[in-house]
Structure formats: C-alpha cells, structure tokens
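Report on the following structure.
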Amino acid sequence: MTDSILTALALLCLATALLPAVLAAVNLAALRRPAPEGGTSLVSILIPARNEAGNIDATVRAALASVAVPVEVIVGDDHSTDATAEIVRAVGDPRLRLVSVPALPEGWTGKNHACSHMAGLARGDHLLFIDADVRLEAGAAAALAAQARRTGAALVSGVPRQRTDTIGEMLTVPMIDFLLLGFLPVPLMRRLADPSLGAACGQLILMDRAAYATTGGHGAIRTSLHDGVRLPRLFRAAGYRTDLVAAAALATCRMYDGFAQAWAGFSKNAHEGMATPRALPVWTVLLGCGQVLPPLLVLAGLLGLLPAPALAAAALALGLSLSTRTVVTAAVRAPWATIPLHPAAVAVALAIQWNVLLRRERAGAATWKGRSYPVSGG
C-alpha cells in the first residue's frame, strides 16, 4: 500500500512538472522580442521616483538615449528626502521634465498616484511607464510602440532582464519569469478577451494614451499594489487588447538588493497574488509537487526508500523541472546559478505566500518606501 501511495505521489509530481514544461515551450515560441520601427509619434517615458538617488541618473540617461522614436522623459519626484531631484536637474536635457508629485491622497498607493499625476502631464500618444531601477535599451521604446501598432494592443508589457547579484535575489526574483512563462497560456491570452488572462510586468508597461484616459488608468486601480496584474485586466475588461513580448533584450532591472528586501517586496505583492485561501492551496500542489518534491523523492529513491516505478517517475519529474528552468534561464538571460537553486527558489516563493496568508496582519503588512497601506481582504 505504501509503495502504491509513493508511486502515485511521484506520478503526480511528473504530471505537475509536465504542465509548466509544455506551457513554457509554447510560450517561448510565441513570445518574441519586438523589432523597433521608426515612428513619428511621441512616446512619453514616465518614471516615478521616491528616494532613488542611487538609480535615477542611469535610468534617466538610458531613457533619453532612446532611438527611432521621439521621446519625452518625465520624472515624478514623490517627496524624496535624498538627492533624487538634484540628480535629475543636473542631467540638463530639454526633453526631460522633473515634476513634483502632490501629497498622497487618502485611498491611493504611492506609485499609482505618481503615475497618474505624470500621465496627466504627458504629451505622447503612448505612455511608457518604467520603474526607477529599469534601464531601457536604446530601441526599447520604439520596439514597444511598434508592437502596439502591429497588434492593435492598447497595452504592451514584458519582463526586463532581472539582475540578481546575490544568492538571496536568486532565490526569489527568478520566479517572476518562471510563473509567467510556465503558467500563463500566451497564445490563449492573445486569442481571448477574458480579463483573467491579462498579465503585465509593472516595471515596463506601454499604454495607449487614449485608452489610458478611457479606462482611468492608475486612478482606476488607486488602492492596488500590483499594477502588473490590475492594469491589463482593467484594459481587457474595457474591451482593449493587451499583449506581452520578450523584453529581456529591451531593458534590465535590479528589483531588490538582497534577500530581506526581496522577501518584503514579494510579501507586499502577495496580497493581490497567490496568497488567498482559494488560490494558494492549488498553487502549492502545482509548484510543490512539480518543482520542490521531485529532488526529495529522487534522493529518497537513491537511499532505497522508493519503489523503482516511483523513482523513475520522480527522476523524470526532476528532469522536466530543471530542463524547464534551464530553458527559461537561457531565454531571459538569468544567471546559470539559478538552475540548481530552482527547487529552493520555489519553496521560498511558497513560504512567502503562506507566511502572508497565515500571518496577514503582521507578515503581510503592505509597507513600501516608508509608506504603509491597509491590508486588502481576500
């Protein structure tokens, strides 16, 4: 009886490892880096900045180096207490504007308020929102605008190449690409208008200015901390198309500096992600069985604790899991060290989500950049 249970568990691991392997293969074939095309329409690059003295100079200069389309760059200084504003002023480019974000109204999150304010001042036909730690490649703005024109999408996004300079970052950040490529059916997303299929990366989102105004943009999701989820769903619910592209060659971002900051950042977003009573048990089965259990079962098998059929299934599951991580790693230009760390990274991701769900008022306190927000229900 025990052998039958262990074999069934190993087969479940194999099935749950197969799902993201197949989807990743399909998605990587569907997602392409958009080709930049020259255009005359102005692209407004909008950068919310709160105490970003260590990032803002390189980010602004990279945005100003955009080619093939005319750009304006607006930096929204959101009550910084460091040298952010002085650094921006020192750049001295006529295409660059530094604006002061008004005081945060009740019921808004800081980034949404800053983005909404900048959007009201922008002149471009397309609004390209980037985080203050995102470095655009020269052709990125032109490529995203061209993709929007070619596909008719009112919102185009992609995940920049993620810099992970410490083990702590490698144990957390790579899950962004793995979850997107392994569990979102991109061809289906492009074919159907269902809002639940909408996805974006808040670090890099280009939106049509008219559609942004019609939907309400960041103002319509003012309480949210997860614009990458909420904005594409908002657009799709209003009847607009959204799209994703391979963006590892379009921009680079270092989200967090070390494990503690990454844990806090992903905990903040967990409120509007997996950490719900309905979703998290399902994600735990999908990710735990498909990505975390296989190496443990293989080890048990090598110690003679598994029947041969269970060991064979577990070994296949492990091979699929690491192969999927390898293919994703190559596609998104992540460090090769993330491959052997993959099972531990998935375990850490689940730990973050369960920690927020079970200790919602404390572990999941939505605090960021010196501001605290009410914990949302769910």
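Letters A, B, ... go to the chains of the structure tokens in the order shown; residues in each chain start at 1; ligands are counted from 1 in the same order.
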
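For A:Gly168, the list of residues within 6 Å, based on only C-alpha atoms and with local chain neighbours fewer than 2 positions off taken out, reads A:Thr166, A:Met170, A:Leu171, A:Gly258, A:Phe259.
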
Would you mind exporting all heavy atoms of the selected residues as a PDB file, in the first residue's frame?
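Okay, out-v9.pdb is ready:
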```pdb
ATOM      1  N   THR A 166      22.978  38.597  -5.741  1.00  0.00           N
ATOM      2  CA  THR A 166      23.226  37.848  -4.511  1.00  0.00           C
ATOM      3  C   THR A 166      22.423  36.555  -4.534  1.00  0.00           C
ATOM      4  O   THR A 166      21.449  36.419  -5.288  1.00  0.00           O
ATOM      5  CB  THR A 166      22.821  38.656  -3.266  1.00  0.00           C
ATOM      6  OG1 THR A 166      21.393  38.815  -3.247  1.00  0.00           O
ATOM      7  CG2 THR A 166      23.479  40.041  -3.259  1.00  0.00           C
ATOM      8  N   MET A 170      18.681  35.480  -6.121  1.00  0.00           N
ATOM      9  CA  MET A 170      18.497  34.320  -6.996  1.00  0.00           C
ATOM     10  C   MET A 170      17.468  33.354  -6.439  1.00  0.00           C
ATOM     11  O   MET A 170      16.880  32.558  -7.186  1.00  0.00           O
ATOM     12  CB  MET A 170      19.831  33.599  -7.191  1.00  0.00           C
ATOM     13  CG  MET A 170      20.849  34.387  -7.974  1.00  0.00           C
ATOM     14  SD  MET A 170      22.382  33.435  -8.201  1.00  0.00           S
ATOM     15  CE  MET A 170      23.510  34.735  -8.702  1.00  0.00           C
ATOM     16  N   LEU A 171      17.220  33.411  -5.137  1.00  0.00           N
ATOM     17  CA  LEU A 171      16.227  32.539  -4.513  1.00  0.00           C
ATOM     18  C   LEU A 171      14.816  33.112  -4.582  1.00  0.00           C
ATOM     19  O   LEU A 171      13.866  32.474  -4.115  1.00  0.00           O
ATOM     20  CB  LEU A 171      16.600  32.281  -3.053  1.00  0.00           C
ATOM     21  CG  LEU A 171      17.716  31.272  -2.806  1.00  0.00           C
ATOM     22  CD1 LEU A 171      18.145  31.284  -1.346  1.00  0.00           C
ATOM     23  CD2 LEU A 171      17.271  29.869  -3.207  1.00  0.00           C
ATOM     24  N   GLY A 258      19.315  42.112  -2.163  1.00  0.00           N
ATOM     25  CA  GLY A 258      19.430  41.126  -1.098  1.00  0.00           C
ATOM     26  C   GLY A 258      18.122  40.453  -0.744  1.00  0.00           C
ATOM     27  O   GLY A 258      17.026  40.840  -1.185  1.00  0.00           O
ATOM     28  N   PHE A 259      18.240  39.407   0.086  1.00  0.00           N
ATOM     29  CA  PHE A 259      17.104  38.545   0.407  1.00  0.00           C
ATOM     30  C   PHE A 259      16.042  39.262   1.231  1.00  0.00           C
ATOM     31  O   PHE A 259      14.839  39.118   0.964  1.00  0.00           O
ATOM     32  CB  PHE A 259      17.596  37.313   1.170  1.00  0.00           C
ATOM     33  CG  PHE A 259      16.509  36.322   1.487  1.00  0.00           C
ATOM     34  CD1 PHE A 259      16.005  35.487   0.500  1.00  0.00           C
ATOM     35  CD2 PHE A 259      15.989  36.227   2.766  1.00  0.00           C
ATOM     36  CE1 PHE A 259      14.997  34.572   0.785  1.00  0.00           C
ATOM     37  CE2 PHE A 259      14.984  35.314   3.064  1.00  0.00           C
ATOM     38  CZ  PHE A 259      14.494  34.484   2.075  1.00  0.00           C
TER      39      PHE A 259
END
```

(request) Find the residues near A:Tyr240: any atom within 12 Å, counting only C-alpha atoms, skip ones fewer than 5 places away on the same chain, and give them as a list in words. (result) Ala148, Thr151, Gly152, Ala153, Ala154, Leu155, Val156, Arg190, Leu192, Ala193, Asp194, Pro195, Gly198, Met207, Asp208, Ala210, Ala211, Tyr212, Thr214, Thr215, Leu231, Pro232, Arg233, Leu234 and Phe235 of chain A

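Note that the spacing between atom CA of A:His226 and atom CA of A:Leu181 amounts to 18.4 Å.
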
(request) Record the distance separating atom CA of A:Glu106 and atom CA of A:Trp354, expressed in Å with one decimal. (result) 29.1 Å
